[in-house]
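Novice: What follows is a structure written as structure tokens; I'll ask about it next.
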Amino acid sequence: MKHHTTHAAALLAALTFCTASALAACPPGWQGEYEWFESEEHPSGEMRMVWDYQIRIAEEQGRCQAWLTGDGHSMMMRILADVQGDARAVRLLYREALPDAGPGSGGERGAELLRLERRERELLTHWGTMTPNAEDAKPGMRFRQKQSAKKKTGSAKKPAAQDAGAFSAADLKRMSTFVSNFTEVGFPDFDMTGSGSAPPNPALIYFGIRHNYTNNFKHRVEHCAEKGCEHGSLVMDAKFVAESVRKYFDLELKHRSVSSGEGWLSCHFDGRLYHFEAADGELASEAKVTRAVREGDIVRMTGDIYLEDDPNNAVGSFVVTAKPHMWNGKKTWAILSLKTENR
Ligand SMILES: [Zn+2]
């Protein structure tokens, strides 16, 4: 009962505070989820900083509200906002920081965080007190409405085949295997969507060697024929390294030696083989995709990371975007971006 009293008090406070129009249900067509992703290279050039934003607009207790979250470099935004507007545009007005809020959640009550506007088939974001981290703050196509995969209402009218976001459990499992290829070798974050760039060459060489070392040791790794070879006791044909990069990244690898000072697996390319040293027995991590959303041709996969020997406790989470890719006549994906976070 006490719970209800608290809500009633809050509602009363809202009644006194807001104008009558703000109390109406959500403006037509705006309830749903929106997302946006931006990234920028760190000044050091060693990593990309990423920010992942989500907005959920829904009616609760007779009020139209928006939950804004933003996760990424130095940011953990958790904001509850009031939504005002009409079918054409809505304003998101700062209400309060949510209990688990971190950096980027502050604001003044009633301040316009941003405005979303529909113009023909486009959705425009006009920035207010909330501004991008990397991109410019000019109005533009930023937030996009998510294609809901689990929309129950109206499913009778809409055939499943038209539901662009729907993936089967088997699809998610295949995606988990796909993403695990990157998490198991501890591949660093990168983003080659938009203005981003491909992972550095030594990172791709590292991937090609470690991927085959982990998954094809028996058939593709051999001992170096040269006794006491200064470049390492193992060798792998460079064609396998290039093949894995082509398969998982859809990129052509430029072969070269990598020195230990470059911060990657050091290896020597002799024109045909890569010479390298055996890796320490680190615990590999596996990825489990819990959600996948289509964004045009691209698939955004999100999920958790587990250590191989402990499938019940997630040690991190990830966001991967990938494009459809054909490999040996089979439909698979090629990765476009990877963002991981430790728990
Ligand atoms: Zn060697």
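Chain labels follow the order of the structure tokens: the first chain is A, the next B, and so on; residue numbering restarts at 1 in every chain, and ligands are counted from 1 in their shown order.
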If you count only C-alpha atoms, which residues fall within 10 Å of region 170-185 of chain A, apart from same-chain ones fewer than 5 positions away, as a PyMOL selection string?
Specialist: chain A and resi 206-211+213-215+248+282-292+299+301-308+318-322+332-335+338+340
Novice: Could you save those same residues with N, CA and C atoms as a compact mmCIF listing (two decimals), in the first residue's frame?
Specialist:
# COMPACT_ATOMS: atom_id res chain seq x y z
N TYR A 206 47.54 -11.03 -36.31
CA TYR A 206 47.34 -11.68 -35.01
C TYR A 206 46.10 -12.55 -35.04
N PHE A 207 44.99 -11.99 -35.56
CA PHE A 207 43.74 -12.76 -35.62
C PHE A 207 43.93 -14.03 -36.45
N GLY A 208 44.51 -13.88 -37.65
CA GLY A 208 44.68 -15.03 -38.54
C GLY A 208 45.51 -16.13 -37.90
N ILE A 209 46.58 -15.75 -37.22
CA ILE A 209 47.44 -16.76 -36.59
C ILE A 209 46.75 -17.38 -35.38
N ARG A 210 46.22 -16.53 -34.49
CA ARG A 210 45.60 -17.06 -33.28
C ARG A 210 44.34 -17.87 -33.58
N HIS A 211 43.58 -17.44 -34.59
CA HIS A 211 42.37 -18.18 -34.94
C HIS A 211 42.71 -19.61 -35.36
N TYR A 213 45.57 -21.17 -34.78
CA TYR A 213 46.26 -21.81 -33.65
C TYR A 213 45.22 -22.44 -32.71
N THR A 214 44.12 -21.71 -32.48
CA THR A 214 43.08 -22.16 -31.56
C THR A 214 42.18 -23.23 -32.18
N ASN A 215 41.83 -23.05 -33.44
CA ASN A 215 40.81 -23.91 -34.05
C ASN A 215 41.33 -24.96 -35.04
N TYR A 248 36.42 -13.90 -42.02
CA TYR A 248 35.75 -13.25 -40.89
C TYR A 248 35.65 -11.73 -41.01
N GLU A 282 45.89 -19.24 -21.97
CA GLU A 282 44.89 -18.38 -21.34
C GLU A 282 43.52 -19.00 -21.49
N LEU A 283 42.62 -18.63 -20.58
CA LEU A 283 41.25 -19.12 -20.69
C LEU A 283 40.55 -18.38 -21.83
N ALA A 284 40.03 -19.15 -22.77
CA ALA A 284 39.34 -18.52 -23.89
C ALA A 284 37.97 -18.04 -23.44
N SER A 285 37.48 -16.98 -24.07
CA SER A 285 36.12 -16.54 -23.74
C SER A 285 35.17 -16.80 -24.89
N GLU A 286 33.97 -17.14 -24.52
CA GLU A 286 32.94 -17.45 -25.50
C GLU A 286 31.87 -16.38 -25.48
N ALA A 287 31.32 -16.11 -26.64
CA ALA A 287 30.28 -15.10 -26.74
C ALA A 287 28.92 -15.77 -26.89
N LYS A 288 27.92 -15.18 -26.25
CA LYS A 288 26.57 -15.67 -26.43
C LYS A 288 25.70 -14.50 -26.89
N VAL A 289 25.19 -14.60 -28.10
CA VAL A 289 24.34 -13.53 -28.63
C VAL A 289 22.94 -13.68 -28.05
N THR A 290 22.45 -12.64 -27.38
CA THR A 290 21.11 -12.72 -26.79
C THR A 290 20.10 -11.94 -27.63
N ARG A 291 20.61 -11.05 -28.45
CA ARG A 291 19.71 -10.22 -29.24
C ARG A 291 20.36 -9.86 -30.56
N ALA A 292 19.60 -9.90 -31.62
CA ALA A 292 20.12 -9.49 -32.92
C ALA A 292 19.06 -8.66 -33.63
N VAL A 299 23.60 -6.46 -39.46
CA VAL A 299 23.00 -7.08 -38.28
C VAL A 299 23.77 -6.62 -37.06
N MET A 301 24.50 -7.46 -33.29
CA MET A 301 24.38 -8.56 -32.34
C MET A 301 24.86 -8.09 -30.97
N THR A 302 24.06 -8.31 -29.96
CA THR A 302 24.50 -7.97 -28.61
C THR A 302 24.40 -9.20 -27.72
N GLY A 303 25.24 -9.25 -26.70
CA GLY A 303 25.21 -10.40 -25.81
C GLY A 303 26.28 -10.33 -24.75
N ASP A 304 26.55 -11.48 -24.15
CA ASP A 304 27.48 -11.55 -23.03
C ASP A 304 28.67 -12.45 -23.34
N ILE A 305 29.74 -12.22 -22.59
CA ILE A 305 30.96 -12.99 -22.75
C ILE A 305 31.18 -13.85 -21.50
N TYR A 306 31.53 -15.11 -21.72
CA TYR A 306 31.76 -16.04 -20.62
C TYR A 306 33.14 -16.66 -20.76
N LEU A 307 33.74 -17.01 -19.64
CA LEU A 307 34.96 -17.78 -19.72
C LEU A 307 34.58 -19.22 -20.00
N GLU A 308 35.44 -19.89 -20.73
CA GLU A 308 35.18 -21.25 -21.20
C GLU A 308 34.73 -22.20 -20.10
N PHE A 318 29.14 -7.48 -25.15
CA PHE A 318 29.65 -7.02 -26.44
C PHE A 318 28.52 -6.48 -27.33
N VAL A 319 28.94 -5.68 -28.28
CA VAL A 319 28.08 -5.27 -29.39
C VAL A 319 28.88 -5.49 -30.65
N VAL A 320 28.34 -6.25 -31.57
CA VAL A 320 29.02 -6.53 -32.84
C VAL A 320 28.08 -6.12 -33.97
N THR A 321 28.62 -5.45 -34.98
CA THR A 321 27.83 -5.31 -36.20
C THR A 321 28.53 -6.10 -37.30
N ALA A 322 27.73 -6.70 -38.16
CA ALA A 322 28.28 -7.55 -39.21
C ALA A 322 27.42 -7.45 -40.45
N THR A 332 27.20 -16.55 -44.29
CA THR A 332 27.71 -16.24 -42.96
C THR A 332 27.78 -14.73 -42.83
N TRP A 333 28.61 -14.23 -41.93
CA TRP A 333 28.74 -12.78 -41.76
C TRP A 333 30.21 -12.39 -41.81
N ALA A 334 30.46 -11.14 -42.13
CA ALA A 334 31.79 -10.56 -41.97
C ALA A 334 31.63 -9.41 -40.98
N ILE A 335 32.55 -9.36 -40.05
CA ILE A 335 32.42 -8.38 -38.96
C ILE A 335 32.74 -6.97 -39.43
N LEU A 338 33.36 -4.17 -33.45
CA LEU A 338 33.34 -4.95 -32.22
C LEU A 338 33.55 -4.00 -31.06
N THR A 340 33.61 -4.37 -26.83
CA THR A 340 33.45 -5.25 -25.67
C THR A 340 33.59 -4.43 -24.39
Novice: List every residue of region 60-275 of chain A that DSSP, applied to the backbone of this structure, assigns to strand (DSSP E or B), and report them as a ChimeraX atom specification.
Specialist: /A:60,63-72,75-85,89-97,112-119,122-127,140,144-145,190-191,197,221-223,234-237,258,267-269,273-275
Novice: I want to know what sits within 8 Å of region 107-118 of chain A, based on only C-alpha atoms, with residues of the same chain fewer than 2 positions away left out; could you give that as a list of chain:residue names?
Specialist: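 Those residues are A:Arg88, A:Ala89, A:Val90, A:Arg91, A:Leu92, A:Leu93, A:Tyr94, A:Arg95, A:Glu96, A:Ala97, A:Ser105, A:Glu120, A:Arg121, A:Glu122, A:Leu123, A:Leu124, A:Thr125, A:His126, A:Trp127, A:Gly128, A:Thr129, A:Met130.
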Novice: One decimal, Å: what's the distance from CA of Arg56 (chain A) over to CA of Met192 (chain A), could you say?
Specialist: 26.8 Å
Novice: Pick out the closest residue to ligand 1 from this set: A:His231, A:His325, A:Lys218, A:Arg63. Count only C-alpha atoms and all ligand atoms.
Specialist: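 Of A:His231, A:His325, A:Lys218, A:Arg63, the one nearest ligand 1 is A:His231, counting only C-alpha atoms and all ligand atoms.
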Novice: Write out as a ChimeraX atom specification all residues of region 58-294 of chain A that backbone DSSP assigns to alpha helix (DSSP H).
Specialist: /A:169-183,201-215,217-220,238-249
Novice: Set out as JSON lines a contact list for chain A and ligand 1 with a cut-off of 7 Å, giving each residue of chain A that qualifies its closest atom pair and distance in Å to one decimal, counting only C-alpha atoms and all ligand atoms, ordered by chain and rising residue number.
Specialist:
{"residue": "A:Cys224", "atom": "CA", "partner": "ligand 1", "partner_atom_place_in_ligand_line": "1 (Zn)", "distance": 4.5}
{"residue": "A:Ala225", "atom": "CA", "partner": "ligand 1", "partner_atom_place_in_ligand_line": "1 (Zn)", "distance": 6.8}
{"residue": "A:Glu226", "atom": "CA", "partner": "ligand 1", "partner_atom_place_in_ligand_line": "1 (Zn)", "distance": 5.9}
{"residue": "A:Cys229", "atom": "CA", "partner": "ligand 1", "partner_atom_place_in_ligand_line": "1 (Zn)", "distance": 4.5}
{"residue": "A:Glu230", "atom": "CA", "partner": "ligand 1", "partner_atom_place_in_ligand_line": "1 (Zn)", "distance": 6.5}
{"residue": "A:His231", "atom": "CA", "partner": "ligand 1", "partner_atom_place_in_ligand_line": "1 (Zn)", "distance": 5.0}
{"residue": "A:Gly232", "atom": "CA", "partner": "ligand 1", "partner_atom_place_in_ligand_line": "1 (Zn)", "distance": 5.0}
{"residue": "A:Ser233", "atom": "CA", "partner": "ligand 1", "partner_atom_place_in_ligand_line": "1 (Zn)", "distance": 5.4}
{"residue": "A:Leu234", "atom": "CA", "partner": "ligand 1", "partner_atom_place_in_ligand_line": "1 (Zn)", "distance": 6.1}
{"residue": "A:Val235", "atom": "CA", "partner": "ligand 1", "partner_atom_place_in_ligand_line": "1 (Zn)", "distance": 6.1}
{"residue": "A:His275", "atom": "CA", "partner": "ligand 1", "partner_atom_place_in_ligand_line": "1 (Zn)", "distance": 4.6}
{"residue": "A:Phe276", "atom": "CA", "partner": "ligand 1", "partner_atom_place_in_ligand_line": "1 (Zn)", "distance": 6.9}
Novice: Just to confirm, what's the straight-line distance from CA of Gly85 (chain A) to CA of Ala66 (chain A) in Å (one decimal)?
Specialist: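 Calculated distance between CA of Gly85 (chain A) and CA of Ala66 (chain A) is 12.5 Å.
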Novice: Just to confirm, what's the straight-line distance from CA of Glu59 (chain A) to CA of Asp100 (chain A) in Å (one decimal)?
Specialist: 21.2 Å
Novice: Point out the residue among A:His42, A:Lys227, A:Phe217, A:Leu336 with the least atom-to-atom distance to Ala279 (chain A), counting only C-alpha atoms.
Specialist: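 Comparing A:His42, A:Lys227, A:Phe217, A:Leu336 against Ala279 (chain A), the winner is A:Phe217.
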Novice: When you count only C-alpha atoms, which of these residues is closest to Phe190 (chain A): A:Tyr34, A:Ser337, A:Glu60, A:Glu252?
Specialist: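 Between A:Tyr34, A:Ser337, A:Glu60, A:Glu252, the residue approaching Phe190 (chain A) most closely is A:Ser337.
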Novice: Please identify all polymer residues within 6 Å of Leu98 (chain A), counting only C-alpha atoms, omitting same-chain residues fewer than 2 positions from it, and present them as a ChimeraX atom specification.
Specialist: /A:78-79,100-101
Novice: Create the file for the chosen residues now, containing N, CA and C atoms and written as a compact mmCIF listing (two decimals), in the first residue's frame.
Specialist:
# COMPACT_ATOMS: atom_id res chain seq x y z
N ARG A 78 21.91 7.48 -17.83
CA ARG A 78 20.62 6.86 -17.50
C ARG A 78 19.66 7.98 -17.12
N ILE A 79 18.80 8.34 -18.04
CA ILE A 79 17.93 9.51 -17.83
C ILE A 79 16.48 9.16 -18.09
N ASP A 100 20.60 3.95 -11.35
CA ASP A 100 21.92 3.39 -11.67
C ASP A 100 22.73 4.31 -12.59
N ALA A 101 22.42 5.60 -12.53
CA ALA A 101 23.06 6.55 -13.44
C ALA A 101 24.54 6.74 -13.15
Novice: Taking 3 positions as the minimum chain separation for residues in the same chain, which residues sit within 8 Å of Arg220 (chain A) when counting only C-alpha atoms? Answer as a PyMOL selection string.
Specialist: chain A and resi 212-213+216-217+236-237+240
Novice: I need the chosen residues saved as a PDB file, in the first residue's frame, with N, CA and C atoms.
Specialist:
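Contents of selection03.pdb, as written:
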ATOM      1  N   ASN A 212      43.709 -19.732 -36.213  1.00  0.00           N
ATOM      2  CA  ASN A 212      44.089 -21.071 -36.682  1.00  0.00           C
ATOM      3  C   ASN A 212      44.810 -21.871 -35.600  1.00  0.00           C
ATOM      4  N   TYR A 213      45.572 -21.172 -34.776  1.00  0.00           N
ATOM      5  CA  TYR A 213      46.258 -21.811 -33.651  1.00  0.00           C
ATOM      6  C   TYR A 213      45.224 -22.437 -32.715  1.00  0.00           C
ATOM      7  N   ASN A 216      42.537 -24.762 -35.539  1.00  0.00           N
ATOM      8  CA  ASN A 216      43.057 -25.699 -36.552  1.00  0.00           C
ATOM      9  C   ASN A 216      44.489 -26.131 -36.262  1.00  0.00           C
ATOM     10  N   PHE A 217      44.802 -26.231 -34.984  1.00  0.00           N
ATOM     11  CA  PHE A 217      46.184 -26.489 -34.598  1.00  0.00           C
ATOM     12  C   PHE A 217      46.750 -27.729 -35.305  1.00  0.00           C
ATOM     13  N   MET A 236      53.163 -21.385 -39.643  1.00  0.00           N
ATOM     14  CA  MET A 236      51.848 -21.579 -40.246  1.00  0.00           C
ATOM     15  C   MET A 236      51.904 -20.991 -41.646  1.00  0.00           C
ATOM     16  N   ASP A 237      51.324 -21.671 -42.607  1.00  0.00           N
ATOM     17  CA  ASP A 237      51.305 -21.159 -43.975  1.00  0.00           C
ATOM     18  C   ASP A 237      50.528 -19.838 -44.000  1.00  0.00           C
ATOM     19  N   PHE A 240      46.748 -19.535 -44.907  1.00  0.00           N
ATOM     20  CA  PHE A 240      45.679 -19.796 -43.925  1.00  0.00           C
ATOM     21  C   PHE A 240      45.355 -18.534 -43.131  1.00  0.00           C
TER      22      PHE A 240
END
Novice: Taking 6 positions as the minimum chain separation for residues in the same chain, which residues sit within 12 Å of Glu262 (chain A) when counting only C-alpha atoms? Answer as a ChimeraX atom specification.
Specialist: /A:46,200-203,206
